[in-house]
$ cat start25.txt   # compact mmCIF, C-alpha atoms
# COMPACT_ATOMS: atom_id res chain seq x y z
CA MET G 21 -1.48 -2.24 -31.71
CA ALA G 22 -1.48 -4.82 -28.92
CA GLU G 23 -4.75 -6.64 -28.38
CA VAL G 24 -7.27 -5.10 -26.00
CA LYS G 25 -9.64 -7.28 -24.00
CA LEU G 26 -12.29 -6.29 -21.48
CA HIS G 27 -13.57 -8.68 -18.81
CA GLY G 28 -16.90 -7.17 -17.83
CA GLY G 29 -20.54 -7.60 -16.86
CA TRP G 30 -23.38 -6.42 -19.13
CA ALA G 31 -25.35 -4.94 -16.21
CA SER G 32 -22.41 -3.49 -14.30
CA PRO G 33 -22.11 0.30 -14.19
CA PHE G 34 -18.35 -0.02 -13.64
CA SER G 35 -17.91 -2.23 -16.69
CA ASN G 36 -20.11 -0.03 -18.90
CA LYS G 37 -18.07 3.09 -18.10
CA VAL G 38 -15.08 1.33 -19.66
CA VAL G 39 -17.17 0.28 -22.69
CA TRP G 40 -18.22 3.91 -23.17
CA ALA G 41 -14.60 5.13 -23.03
CA LEU G 42 -13.41 2.47 -25.50
CA LYS G 43 -16.30 3.19 -27.89
CA LEU G 44 -15.84 6.98 -27.65
CA LYS G 45 -12.20 6.55 -28.64
CA GLY G 46 -13.03 3.97 -31.32
CA ILE G 47 -10.66 1.38 -29.82
CA PRO G 48 -11.33 -2.16 -31.04
CA TYR G 49 -11.48 -4.72 -28.24
CA GLU G 50 -12.60 -8.23 -27.40
CA TYR G 51 -15.33 -8.38 -24.78
CA ILE G 52 -15.53 -11.27 -22.31
CA GLU G 53 -18.76 -11.48 -20.30
CA GLU G 54 -17.95 -12.76 -16.81
CA ASP G 55 -20.36 -14.83 -14.73
CA LEU G 56 -19.94 -13.12 -11.36
CA TYR G 57 -21.02 -16.30 -9.54
CA ASN G 58 -18.48 -18.38 -11.46
CA LYS G 59 -15.54 -16.12 -12.20
CA SER G 60 -13.10 -17.22 -14.87
CA ALA G 61 -9.57 -18.29 -14.02
CA SER G 62 -8.35 -15.40 -16.20
CA LEU G 63 -10.25 -12.83 -14.15
CA LEU G 64 -8.87 -14.21 -10.89
CA LYS G 65 -5.37 -14.21 -12.37
CA TYR G 66 -5.65 -10.65 -13.70
CA ASN G 67 -7.30 -9.19 -10.57
CA PRO G 68 -6.08 -11.23 -7.59
CA VAL G 69 -6.58 -8.33 -5.14
CA HIS G 70 -10.26 -7.52 -5.71
CA LYS G 71 -11.32 -10.44 -7.98
CA MET G 72 -13.84 -8.10 -9.67
CA ILE G 73 -14.77 -6.77 -13.06
CA PRO G 74 -13.99 -4.72 -14.98
CA VAL G 75 -10.46 -5.68 -15.94
CA LEU G 76 -8.87 -4.31 -19.09
CA VAL G 77 -6.10 -6.47 -20.51
CA HIS G 78 -3.83 -4.69 -22.98
CA GLY G 79 -1.20 -6.92 -24.55
CA GLU G 80 -1.49 -9.31 -21.59
CA LYS G 81 -1.00 -6.50 -19.02
CA PRO G 82 -4.06 -6.16 -16.75
CA VAL G 83 -5.47 -2.86 -15.51
CA CYS G 84 -8.02 -3.02 -12.68
CA GLU G 85 -10.53 -0.62 -11.08
CA SER G 86 -12.84 1.25 -13.47
CA MET G 87 -11.52 4.80 -12.94
CA VAL G 88 -7.88 3.60 -13.11
CA ILE G 89 -8.80 1.90 -16.41
CA LEU G 90 -10.40 5.10 -17.72
CA GLU G 91 -7.27 7.16 -16.92
CA TYR G 92 -5.16 4.46 -18.61
CA ILE G 93 -7.33 4.57 -21.75
CA GLU G 94 -7.07 8.36 -21.80
CA GLU G 95 -3.25 8.21 -21.48
CA MET G 96 -2.75 5.45 -24.06
CA TRP G 97 -5.16 6.95 -26.61
CA PRO G 98 -5.25 10.67 -25.78
CA GLN G 99 -6.87 11.80 -29.02
CA ASN G 100 -10.23 11.55 -30.72
CA PRO G 101 -11.66 12.74 -28.44
CA SER G 102 -9.73 13.81 -25.38
CA LEU G 103 -11.73 12.91 -22.25
CA MET G 104 -9.76 15.02 -19.76
CA PRO G 105 -8.91 18.74 -19.79
CA SER G 106 -5.37 19.71 -20.73
CA ASP G 107 -4.84 22.31 -17.99
CA PRO G 108 -3.45 20.75 -14.74
CA TYR G 109 -5.85 22.67 -12.50
CA ASP G 110 -8.88 21.66 -14.60
CA ARG G 111 -7.61 18.08 -14.58
CA ALA G 112 -7.43 18.24 -10.78
CA GLN G 113 -11.03 19.47 -10.67
CA ALA G 114 -12.10 16.60 -12.96
CA ARG G 115 -10.25 14.10 -10.74
CA PHE G 116 -11.90 15.59 -7.66
CA TRP G 117 -15.37 14.95 -9.12
CA ILE G 118 -14.40 11.51 -10.37
CA LYS G 119 -13.26 10.62 -6.84
CA PHE G 120 -16.43 12.16 -5.38
CA ALA G 121 -18.55 10.02 -7.72
CA GLU G 122 -16.62 6.91 -6.65
CA ASP G 123 -16.68 7.66 -2.92
CA LYS G 124 -20.24 8.99 -2.61
CA GLY G 125 -21.83 6.98 -5.42
CA VAL G 126 -21.35 3.95 -3.16
CA ALA G 127 -24.57 5.00 -1.41
CA VAL G 128 -26.54 4.17 -4.57
CA TRP G 129 -25.15 0.62 -4.79
CA LYS G 130 -25.60 0.23 -1.04
CA MET G 131 -29.32 0.97 -1.39
CA PHE G 132 -29.71 -2.13 -3.54
CA PHE G 133 -28.14 -4.41 -0.93
CA SER G 134 -29.91 -2.91 2.11
CA THR G 135 -33.17 -3.01 3.99
CA GLY G 136 -34.62 -1.18 6.98
CA GLN G 137 -32.55 1.55 8.63
CA VAL G 138 -29.44 0.77 6.55
CA LEU G 139 -31.51 1.37 3.41
CA GLU G 140 -32.90 4.65 4.83
CA ASN G 141 -29.37 5.84 5.59
CA ALA G 142 -28.15 4.86 2.12
CA MET G 143 -31.02 6.73 0.47
CA LYS G 144 -30.27 9.81 2.58
CA ALA G 145 -26.58 9.63 1.60
CA ALA G 146 -27.52 9.24 -2.09
CA LEU G 147 -29.75 12.32 -1.90
CA GLU G 148 -26.98 14.33 -0.23
CA MET G 149 -24.61 13.28 -3.00
CA LEU G 150 -27.07 14.49 -5.65
CA GLN G 151 -27.61 17.76 -3.77
CA THR G 152 -23.85 18.42 -3.61
CA VAL G 153 -23.36 17.76 -7.31
CA GLU G 154 -26.41 19.87 -8.18
CA LYS G 155 -25.00 22.77 -6.18
CA HIS G 156 -21.27 22.56 -6.92
CA GLY G 157 -20.63 20.20 -9.81
CA LEU G 158 -21.46 21.72 -13.17
CA GLY G 159 -21.58 25.49 -12.80
CA GLU G 160 -22.52 26.89 -16.19
CA LYS G 161 -20.99 24.01 -18.11
CA LYS G 162 -22.98 21.65 -20.33
CA PHE G 163 -20.88 18.71 -19.20
CA PHE G 164 -18.40 18.20 -16.34
CA ASN G 165 -15.71 18.26 -19.05
CA GLY G 166 -17.03 21.46 -20.67
CA ASP G 167 -18.65 21.37 -24.13
CA ASN G 168 -17.99 17.67 -24.63
CA ILE G 169 -18.24 14.70 -22.29
CA GLY G 170 -15.23 13.46 -20.36
CA LEU G 171 -14.26 10.95 -17.70
CA ALA G 172 -16.17 12.78 -14.93
CA ASP G 173 -19.34 12.63 -17.09
CA LEU G 174 -18.86 8.88 -17.54
CA ALA G 175 -18.48 8.51 -13.75
CA PHE G 176 -21.69 10.39 -12.99
CA GLY G 177 -23.51 9.08 -16.05
CA ALA G 178 -23.21 5.55 -14.69
CA ILE G 179 -24.56 6.63 -11.31
CA ALA G 180 -27.53 8.49 -12.83
CA TYR G 181 -28.51 5.72 -15.28
CA TRP G 182 -28.27 2.92 -12.72
CA LEU G 183 -30.03 5.03 -10.09
CA GLN G 184 -33.04 5.19 -12.41
CA VAL G 185 -32.97 1.40 -12.70
CA LEU G 186 -32.77 0.96 -8.93
CA GLU G 187 -35.58 3.46 -8.37
CA ASP G 188 -37.76 1.22 -10.53
CA VAL G 189 -36.58 -1.98 -8.82
CA MET G 190 -37.12 -0.66 -5.30
CA GLY G 191 -40.13 1.61 -5.86
CA VAL G 192 -38.43 4.79 -4.66
CA LYS G 193 -37.89 8.18 -6.29
CA LEU G 194 -34.74 10.16 -5.57
CA PHE G 195 -33.50 11.74 -8.81
CA GLU G 196 -36.47 14.07 -9.41
CA SER G 197 -36.22 16.76 -12.08
CA HIS G 198 -37.77 19.53 -9.97
CA LYS G 199 -35.25 18.88 -7.17
CA PHE G 200 -32.23 18.49 -9.46
CA PRO G 201 -32.92 20.59 -12.59
CA SER G 202 -29.27 21.17 -13.48
CA LEU G 203 -28.35 17.48 -13.13
CA HIS G 204 -31.41 16.41 -15.09
CA GLU G 205 -30.53 18.69 -17.98
CA TRP G 206 -26.95 17.42 -17.91
CA PHE G 207 -28.16 13.79 -17.89
CA GLU G 208 -30.49 14.33 -20.86
CA ASN G 209 -27.55 15.81 -22.81
CA PHE G 210 -25.33 12.91 -21.70
CA ARG G 211 -27.80 10.26 -22.88
CA LYS G 212 -28.12 11.94 -26.27
CA VAL G 213 -24.39 11.69 -27.07
CA PRO G 214 -24.56 9.15 -29.93
CA VAL G 215 -21.94 6.72 -28.56
CA ILE G 216 -23.61 6.75 -25.13
CA GLU G 217 -27.12 6.35 -26.58
CA GLU G 218 -25.99 3.33 -28.60
CA ASN G 219 -24.25 1.71 -25.63
CA LEU G 220 -26.68 1.99 -22.75
CA PRO G 221 -27.66 -1.50 -21.52
CA ASN G 222 -31.38 -2.19 -21.82
CA GLN G 223 -33.10 -0.66 -18.79
CA HIS G 224 -36.09 -3.02 -18.90
CA GLU G 225 -33.87 -6.12 -18.93
CA MET G 226 -31.80 -4.71 -16.08
CA VAL G 227 -34.91 -4.05 -13.98
CA ILE G 228 -35.98 -7.69 -14.43
CA ALA G 229 -32.52 -9.05 -13.54
CA PHE G 230 -32.06 -6.72 -10.57
CA LYS G 231 -35.56 -7.39 -9.21
CA ARG G 232 -34.80 -11.11 -9.22
CA ARG G 233 -31.51 -10.53 -7.39
CA ARG G 234 -33.12 -8.15 -4.90
CA GLU G 235 -35.76 -10.73 -4.02
CA THR G 236 -33.02 -13.26 -3.24
CA LEU G 237 -31.15 -10.72 -1.11
CA VAL G 238 -34.20 -9.64 0.87
CA THR G 239 -35.49 -13.15 1.54
CA SER G 240 -32.09 -14.38 2.69
CA ALA G 241 -31.55 -11.35 4.98
CA MET Q 13 8.30 33.54 -1.67
CA PRO Q 14 8.00 30.41 0.41
CA ILE Q 15 4.89 28.34 0.83
CA ASN Q 16 2.94 29.22 3.93
CA LEU Q 17 1.04 26.55 5.72
CA ASP Q 18 -2.07 28.29 6.94
CA THR Q 19 -4.35 27.13 9.71
CA GLN Q 20 -5.61 23.58 9.69
CA GLY Q 21 -3.23 22.29 7.06
CA LEU Q 22 -3.85 24.71 4.22
CA ILE Q 23 -0.84 25.23 2.03
CA THR Q 24 -0.67 28.48 0.10
CA ILE Q 25 1.74 28.72 -2.79
CA SER Q 26 2.29 32.24 -4.05
CA GLN Q 27 5.60 31.97 -5.82
CA LEU Q 28 7.69 28.86 -5.94
CA LYS Q 29 11.39 28.52 -5.91
CA GLU Q 30 12.67 25.28 -7.33
CA THR Q 31 15.68 24.66 -5.16
CA ARG Q 32 17.02 21.61 -3.44
CA THR Q 33 17.12 23.44 -0.15
CA LYS Q 34 16.83 21.46 3.01
CA LYS Q 35 15.82 24.48 5.05
CA VAL Q 36 12.53 23.78 6.72
CA ASN Q 37 11.14 24.96 10.00
CA LEU Q 38 8.96 22.20 11.30
CA SER Q 39 7.37 21.79 14.62
CA LYS Q 40 6.77 18.22 15.67
CA GLY Q 41 4.73 19.33 18.64
CA GLU Q 42 1.38 19.03 16.88
CA VAL Q 43 -0.10 16.25 14.85
CA VAL Q 44 -1.62 17.07 11.47
CA LEU Q 45 -2.05 13.83 9.56
CA LEU Q 46 -3.74 14.58 6.33
CA ASP Q 47 -1.61 17.37 4.88
CA CYS Q 48 1.55 15.25 5.06
CA TRP Q 49 0.86 13.91 1.58
CA ALA Q 50 1.11 17.36 -0.02
CA LYS Q 51 4.12 18.38 2.08
CA ILE Q 52 6.09 15.25 1.20
CA ALA Q 53 5.24 15.65 -2.51
CA LEU Q 54 6.34 19.30 -2.49
CA ALA Q 55 9.50 18.47 -0.57
CA GLU Q 56 10.33 15.73 -3.09
CA LYS Q 57 10.06 18.38 -5.82
CA GLY Q 58 12.58 20.55 -3.96
CA VAL Q 59 10.17 23.31 -3.00
CA GLU Q 60 11.12 25.49 -0.06
CA TYR Q 61 8.49 26.11 2.53
CA GLU Q 62 8.06 27.37 6.04
CA PRO Q 63 4.95 25.83 7.51
CA GLU Q 64 3.13 27.14 10.55
CA LEU Q 65 1.52 24.07 11.98
CA ARG Q 66 -1.72 24.22 13.85
CA THR Q 67 -3.74 21.39 15.25
CA CYS Q 68 -6.26 19.93 12.85
CA LEU Q 69 -9.00 20.04 15.47
CA GLY Q 70 -10.82 23.13 16.59
CA ALA Q 71 -12.76 25.76 14.68
CA LYS Q 72 -12.33 25.54 10.96
CA SER Q 73 -11.17 28.75 9.34
CA ASP Q 74 -13.34 30.67 6.89
CA LEU Q 75 -10.62 30.11 4.31
CA LEU Q 76 -10.81 26.33 4.76
CA LEU Q 77 -14.61 26.29 4.53
CA LYS Q 78 -14.52 28.51 1.44
CA SER Q 79 -11.73 26.45 -0.18
CA ASN Q 80 -13.31 23.09 0.53
CA PRO Q 81 -17.07 23.68 0.83
CA ILE Q 82 -17.88 20.04 0.01
CA TYR Q 83 -15.79 18.15 2.54
CA LYS Q 84 -14.82 21.06 4.84
CA LYS Q 85 -11.52 19.45 5.81
CA VAL Q 86 -7.80 19.27 5.14
CA PRO Q 87 -5.80 18.75 3.09
CA VAL Q 88 -6.31 21.79 0.89
CA LEU Q 89 -3.64 23.19 -1.40
CA LEU Q 90 -4.04 26.77 -2.58
CA HIS Q 91 -2.08 27.61 -5.70
CA ASP Q 92 -2.35 31.23 -6.81
CA GLY Q 93 -5.54 31.38 -4.77
CA LYS Q 94 -7.14 28.37 -6.51
CA PRO Q 95 -8.07 25.53 -4.12
CA LEU Q 96 -7.35 21.84 -4.65
CA CYS Q 97 -8.79 19.17 -2.37
CA GLU Q 98 -8.33 15.43 -1.73
CA SER Q 99 -4.88 14.01 -1.12
CA THR Q 100 -4.47 11.89 -4.29
CA VAL Q 101 -5.85 14.74 -6.44
CA ILE Q 102 -3.39 17.16 -4.83
CA VAL Q 103 -0.38 14.86 -5.23
CA ASN Q 104 -1.35 14.23 -8.91
CA TYR Q 105 -1.56 18.00 -9.43
CA ILE Q 106 1.81 18.63 -7.79
CA ASP Q 107 3.36 15.94 -10.02
CA GLU Q 108 1.87 17.44 -13.21
CA THR Q 109 2.65 21.05 -12.31
CA TRP Q 110 6.25 20.43 -11.17
CA PRO Q 111 7.23 17.41 -13.28
CA SER Q 112 10.77 17.01 -12.00
CA PRO Q 113 11.55 14.69 -10.36
CA PRO Q 114 8.51 12.65 -11.44
CA LEU Q 115 6.44 10.83 -8.84
CA LEU Q 116 4.45 8.75 -11.34
CA PRO Q 117 6.26 6.34 -13.68
CA SER Q 118 6.56 7.27 -17.36
CA CYS Q 119 5.06 4.00 -18.67
CA ALA Q 120 1.23 4.02 -18.85
CA SER Q 121 0.75 0.51 -17.46
CA GLU Q 122 3.07 1.27 -14.51
CA ARG Q 123 1.16 4.51 -13.91
CA ALA Q 124 -2.07 2.47 -13.84
CA LYS Q 125 -0.50 0.12 -11.27
CA ALA Q 126 0.56 3.11 -9.15
CA ARG Q 127 -2.96 4.58 -9.31
CA PHE Q 128 -4.43 1.19 -8.44
CA TRP Q 129 -2.34 0.92 -5.25
CA ALA Q 130 -2.88 4.56 -4.30
CA ASP Q 131 -6.62 3.92 -4.66
CA PHE Q 132 -6.30 0.73 -2.58
CA ILE Q 133 -4.49 2.58 0.22
CA ASP Q 134 -6.93 5.48 0.11
CA LYS Q 135 -9.98 3.21 0.29
CA LYS Q 136 -8.77 0.41 2.54
CA VAL Q 137 -5.91 1.42 4.84
CA ILE Q 138 -7.38 4.54 6.45
CA ASP Q 139 -10.64 2.77 7.31
CA ALA Q 140 -8.77 -0.24 8.66
CA VAL Q 141 -6.60 2.00 10.89
CA CYS Q 142 -9.69 3.83 12.16
CA ASN Q 143 -11.53 0.56 12.88
CA ILE Q 144 -8.74 -0.33 15.29
CA TRP Q 145 -8.24 2.88 17.23
CA LYS Q 146 -11.97 3.64 17.36
CA SER Q 147 -12.80 0.29 18.99
CA LYS Q 148 -14.20 0.43 22.49
CA GLY Q 149 -12.51 -2.07 24.76
CA LYS Q 150 -10.87 -5.03 23.03
CA VAL Q 151 -10.31 -4.60 19.29
CA PRO Q 152 -12.42 -7.19 17.41
CA GLY Q 153 -10.43 -9.94 15.74
CA THR Q 154 -12.06 -9.05 12.41
CA ALA Q 155 -10.64 -5.50 12.53
CA LYS Q 156 -7.14 -6.77 13.34
CA ASN Q 157 -7.31 -9.48 10.68
CA GLU Q 158 -8.55 -7.02 8.08
CA PHE Q 159 -5.67 -4.63 8.82
CA ILE Q 160 -3.12 -7.45 8.66
CA GLU Q 161 -4.56 -8.75 5.38
CA ILE Q 162 -4.38 -5.27 3.88
CA LEU Q 163 -0.76 -4.90 5.01
CA LYS Q 164 0.06 -8.29 3.47
CA GLN Q 165 -1.39 -7.09 0.14
CA LEU Q 166 0.82 -4.01 0.31
CA VAL Q 167 3.89 -6.01 1.28
CA GLY Q 168 3.15 -8.27 -1.68
CA ALA Q 169 2.95 -5.26 -3.98
CA LEU Q 170 6.26 -3.90 -2.64
CA GLY Q 171 8.02 -7.26 -3.02
CA GLU Q 172 11.80 -6.95 -3.07
CA LYS Q 173 11.75 -3.32 -4.21
CA ASP Q 174 12.95 -0.44 -2.05
CA PHE Q 175 9.94 1.61 -3.04
CA PHE Q 176 6.51 0.93 -4.52
CA GLY Q 177 7.82 3.00 -7.43
CA GLY Q 178 10.74 0.58 -7.97
CA ASP Q 179 14.16 2.26 -7.75
CA SER Q 180 12.80 5.65 -6.81
CA PHE Q 181 10.40 7.14 -4.28
CA GLY Q 182 7.13 7.72 -6.08
CA PHE Q 183 3.41 8.39 -6.05
CA VAL Q 184 2.34 5.34 -4.04
CA ASP Q 185 5.15 5.88 -1.53
CA VAL Q 186 3.93 9.46 -0.95
CA ILE Q 187 0.38 8.18 -0.37
CA ALA Q 188 1.40 5.25 1.84
CA ILE Q 189 4.05 6.74 4.03
CA PRO Q 190 2.07 9.24 6.16
CA LEU Q 191 -0.04 6.36 7.41
CA THR Q 192 3.01 4.56 8.80
CA CYS Q 193 3.31 7.08 11.63
CA TRP Q 194 -0.04 5.75 12.86
CA PHE Q 195 1.25 2.18 13.12
CA TYR Q 196 2.54 2.69 16.66
CA ALA Q 197 -0.95 3.76 17.77
CA VAL Q 198 -2.47 0.80 15.89
CA GLU Q 199 -0.02 -1.56 17.59
CA LYS Q 200 -0.82 -0.11 21.01
CA PHE Q 201 -4.59 -0.30 20.66
CA GLY Q 202 -4.63 -3.43 18.50
CA GLY Q 203 -2.13 -5.38 20.55
CA PHE Q 204 0.22 -6.43 17.74
CA LYS Q 205 3.52 -5.36 16.14
CA VAL Q 206 4.12 -3.86 12.69
CA GLU Q 207 7.63 -3.67 11.26
CA ASN Q 208 8.26 -0.08 10.17
CA GLU Q 209 11.39 0.75 8.24
CA CYS Q 210 9.89 3.62 6.27
CA MET Q 211 11.05 6.51 8.43
CA GLN Q 212 14.60 6.61 7.07
CA ARG Q 213 13.98 8.81 4.00
CA GLU Q 214 14.97 12.38 4.72
CA THR Q 215 11.85 14.09 3.36
CA VAL Q 216 9.69 11.63 5.27
CA ALA Q 217 11.61 11.75 8.54
CA ARG Q 218 11.51 15.52 8.77
CA ILE Q 219 7.84 15.86 7.80
CA LEU Q 220 6.03 13.01 9.49
CA PRO Q 221 4.89 13.53 13.05
CA ASP Q 222 6.56 11.52 15.79
CA PRO Q 223 4.60 8.25 16.17
CA GLU Q 224 4.48 8.77 19.95
CA LYS Q 225 2.82 12.13 19.36
CA VAL Q 226 0.34 10.45 17.01
CA CYS Q 227 -0.47 7.98 19.78
CA GLU Q 228 -1.11 10.83 22.22
CA PHE Q 229 -3.32 12.43 19.58
CA VAL Q 230 -5.28 9.18 19.18
CA ILE Q 231 -5.82 8.98 22.95
CA MET Q 232 -7.17 12.55 22.80
CA LEU Q 233 -9.50 11.58 19.95
CA ARG Q 234 -10.69 8.50 21.85
CA ASN Q 235 -11.50 10.68 24.85
CA MET Q 236 -13.34 13.12 22.61
CA PHE Q 237 -15.44 10.34 21.08
CA GLY Q 238 -16.06 8.75 24.48
CA ILE Q 239 -14.18 5.58 23.54
CA GLU Q 240 -11.41 5.76 26.17
CA GLN Q 241 -12.60 4.30 29.48
$ encode --input "start25.txt" --output "structure tokens"
Amino acid sequence: MAEVKLHGGWASPFSNKVVWALKLKGIPYEYIEEDLYNKSASLLKYNPVHKMIPVLVHGEKPVCESMVILEYIEEMWPQNPSLMPSDPYDRAQARFWIKFAEDKGVAVWKMFFSTGQVLENAMKAALEMLQTVEKHGLGEKKFFNGDNIGLADLAFGAIAYWLQVLEDVMGVKLFESHKFPSLHEWFENFRKVPVIEENLPNQHEMVIAFKRRRETLVTSA
Amino acid sequence: MPINLDTQGLITISQLKETRTKKVNLSKGEVVLLDCWAKIALAEKGVEYEPELRTCLGAKSDLLLKSNPIYKKVPVLLHDGKPLCESTVIVNYIDETWPSPPLLPSCASERAKARFWADFIDKKVIDAVCNIWKSKGKVPGTAKNEFIEILKQLVGALGEKDFFGGDSFGFVDVIAIPLTCWFYAVEKFGGFKVENECMQRETVARILPDPEKVCEFVIMLRNMFGIEQ
């Protein structure tokens, strides 16, 4: 098998989604931690358009954008386990939620970079996103992918885990169990999947790192 | 049974006939941007349809609100009564359900490249187009520069190829092409020229609205939003 490399960031939700997919499938890979303030020449070569992590390099061919990478991993290594449904309509539903997570999850990251009215608007958008998923996302299913986790679960899992970190950093509370009982139950099940549990970056260390970064952002605003 | 295009860009597929028919009844009198993706994809697959176009503004039908309760907008594809929403999701579904001719490449790394550029267009181009026509008065230089930079990226991705898909019209071409009919409006309001040679393909030429009509539509939108002086 051609060599697999991942250029990532230990505290990046986008990078960790790819780690989860690779670990779930048991794909061996070399991990390269990128300094986002001093990006490597390789990263800039492999992702000239966005210049961002994560980038998966498979046999010297780069794949960029986290959800594009996840679909690539699923197509290259479709077994053990499969992370997408086999039925085209169910796949379309999974892709819809993956896109929703990407498009609307932006509000969560925006919160971190905002103050004042922009922050208020981002928090409102993040709450609306959670409300929509609570109402329409899971139905009676244990996971977005059914009985086992799939790509849509990885997409929302990243949002939920990092949202908890940002709540701590910024002293706000959005993802409350009494407001989002279905999502909370799903998230507890998600965290208990052994591969996920073993590959969640340390929340305490992330809070410290993010608090430091937030202070810099706020004071320079 | 042909596909019926319901109000506000809903496409209902009851039974499909896989023929290479060119018979389509299309009205170019009204501008419906967002369902062009699905129509071009279906036409590329050789599916006969007789759309009844309605304007995409106005009261949204109960069927649309029921089919897309989250975003409440077109495009929506209904296949055997089951709704699909979001243009890239719909085009992916059409490609998987009617695999011939394929829109996505067969090689996984080329498929990833196609998805990357479709994602780029979806995230960047639409916003950049809107930033220009929604500007009050003179379009800011930043909006124009951003649009030009984005176009340069796409031109770079296309390179010497006829299509983003290489030798054949593919997934990225389906996603990119409907936006080209907005270039005339962007040129008019942005005050610059965009070379547009994309209208020659038969499925595209007969489906895409006339760029002049799109421009009239944009003027109507600008009046609605209080942008037009």
$ atom_distance --input "start25.txt" --atom1 "atom CA of Lys193 of chain G" --atom2 "atom CA of Met143 of chain G"
9.7 Å
$ interface_residues --input "start25.txt" --of "chain Q" --to "chain G" --cutoff "8 Å" --atoms "all atoms listed in the file" --output "list in words"
Ile82, Leu96, Cys97, Glu98, Val101, Ile102, Asn104, Tyr105, Glu108, Thr109, Ala120, Ser121, Arg123, Ala124, Lys125, Arg127, Phe128 and Gln165 of chain Q
$ closest_residue --input "start25.txt" --among "Q:Glu122, Q:Glu199, Q:Asp139, Q:Asp131" --to "Glu158 of chain Q" --atoms "only C-alpha atoms"
Q:Asp139
$ residues_around --input "start25.txt" --residues "Leu166 of chain Q" --least-positions-apart "3" --cutoff "9 Å" --atoms "only C-alpha atoms" --output "mmCIF file with C-alpha atoms, in the coordinates of the input"
data_model
loop_
_atom_site.group_PDB
_atom_site.id
_atom_site.type_symbol
_atom_site.label_atom_id
_atom_site.label_comp_id
_atom_site.auth_asym_id
_atom_site.auth_seq_id
_atom_site.Cartn_x
_atom_site.Cartn_y
_atom_site.Cartn_z
ATOM 1 C CA TRP Q 129 -2.340 0.920 -5.250
ATOM 2 C CA ILE Q 133 -4.490 2.580 0.220
ATOM 3 C CA GLU Q 161 -4.560 -8.750 5.380
ATOM 4 C CA ILE Q 162 -4.380 -5.270 3.880
ATOM 5 C CA LEU Q 163 -0.760 -4.900 5.010
ATOM 6 C CA ALA Q 169 2.950 -5.260 -3.980
ATOM 7 C CA LEU Q 170 6.260 -3.900 -2.640
ATOM 8 C CA GLY Q 171 8.020 -7.260 -3.020
ATOM 9 C CA PHE Q 176 6.510 0.930 -4.520
#
$ atom_distance --input "start25.txt" --atom1 "atom CA of Ala22 of chain G" --atom2 "atom CA of Lys45 of chain G"
15.6 Å
$ residues_around --input "start25.txt" --residues "Val103 of chain Q" --least-positions-apart "3" --cutoff "10 Å" --atoms "only C-alpha atoms" --output "compact mmCIF listing (two decimals) with C-alpha atoms, in the coordinates of the input"
# COMPACT_ATOMS: atom_id res chain seq x y z
CA ALA G 112 -7.43 18.24 -10.78
CA TRP Q 49 0.86 13.91 1.58
CA ALA Q 50 1.11 17.36 -0.02
CA LYS Q 51 4.12 18.38 2.08
CA ILE Q 52 6.09 15.25 1.20
CA ALA Q 53 5.24 15.65 -2.51
CA LEU Q 54 6.34 19.30 -2.49
CA LEU Q 89 -3.64 23.19 -1.40
CA LEU Q 96 -7.35 21.84 -4.65
CA CYS Q 97 -8.79 19.17 -2.37
CA GLU Q 98 -8.33 15.43 -1.73
CA SER Q 99 -4.88 14.01 -1.12
CA THR Q 100 -4.47 11.89 -4.29
CA ILE Q 106 1.81 18.63 -7.79
CA ASP Q 107 3.36 15.94 -10.02
CA GLU Q 108 1.87 17.44 -13.21
CA THR Q 109 2.65 21.05 -12.31
CA LEU Q 115 6.44 10.83 -8.84
CA LEU Q 116 4.45 8.75 -11.34
CA PHE Q 183 3.41 8.39 -6.05
CA VAL Q 184 2.34 5.34 -4.04
CA VAL Q 186 3.93 9.46 -0.95
CA ILE Q 187 0.38 8.18 -0.37
$ atom_distance --input "start25.txt" --atom1 "atom CA of Glu23 of chain G" --atom2 "atom CA of Gly79 of chain G"
5.2 Å
$ closest_residue --input "start25.txt" --among "G:Gly191, G:Pro221, G:Gly170, G:Gly125" --to "Asn100 of chain G" --atoms "all atoms listed in the file"
G:Gly170
$ residues_around --input "start25.txt" --residues "Ile73 of chain G" --least-positions-apart "3" --cutoff "9 Å" --atoms "all atoms listed in the file" --output "list in words"
Leu26, His27, Gly28, Gly29, Ser32, Phe34, Ser35, Glu54, Leu56, Leu63, Asn67, His70, Leu76, Cys84, Glu85 and Ser86 of chain G
$ closest_residue --input "start25.txt" --among "Q:Ala126, Q:Ala55, Q:Cys119, Q:Ala197" --to "Trp145 of chain Q" --atoms "only C-alpha atoms"
Q:Ala197
$ residues_around --input "start25.txt" --residues "Pro113 of chain Q" --least-positions-apart "3" --cutoff "10 Å" --atoms "all atoms listed in the file" --output "PyMOL selection string"
chain Q and resi 56-58+107+110+116+180-182
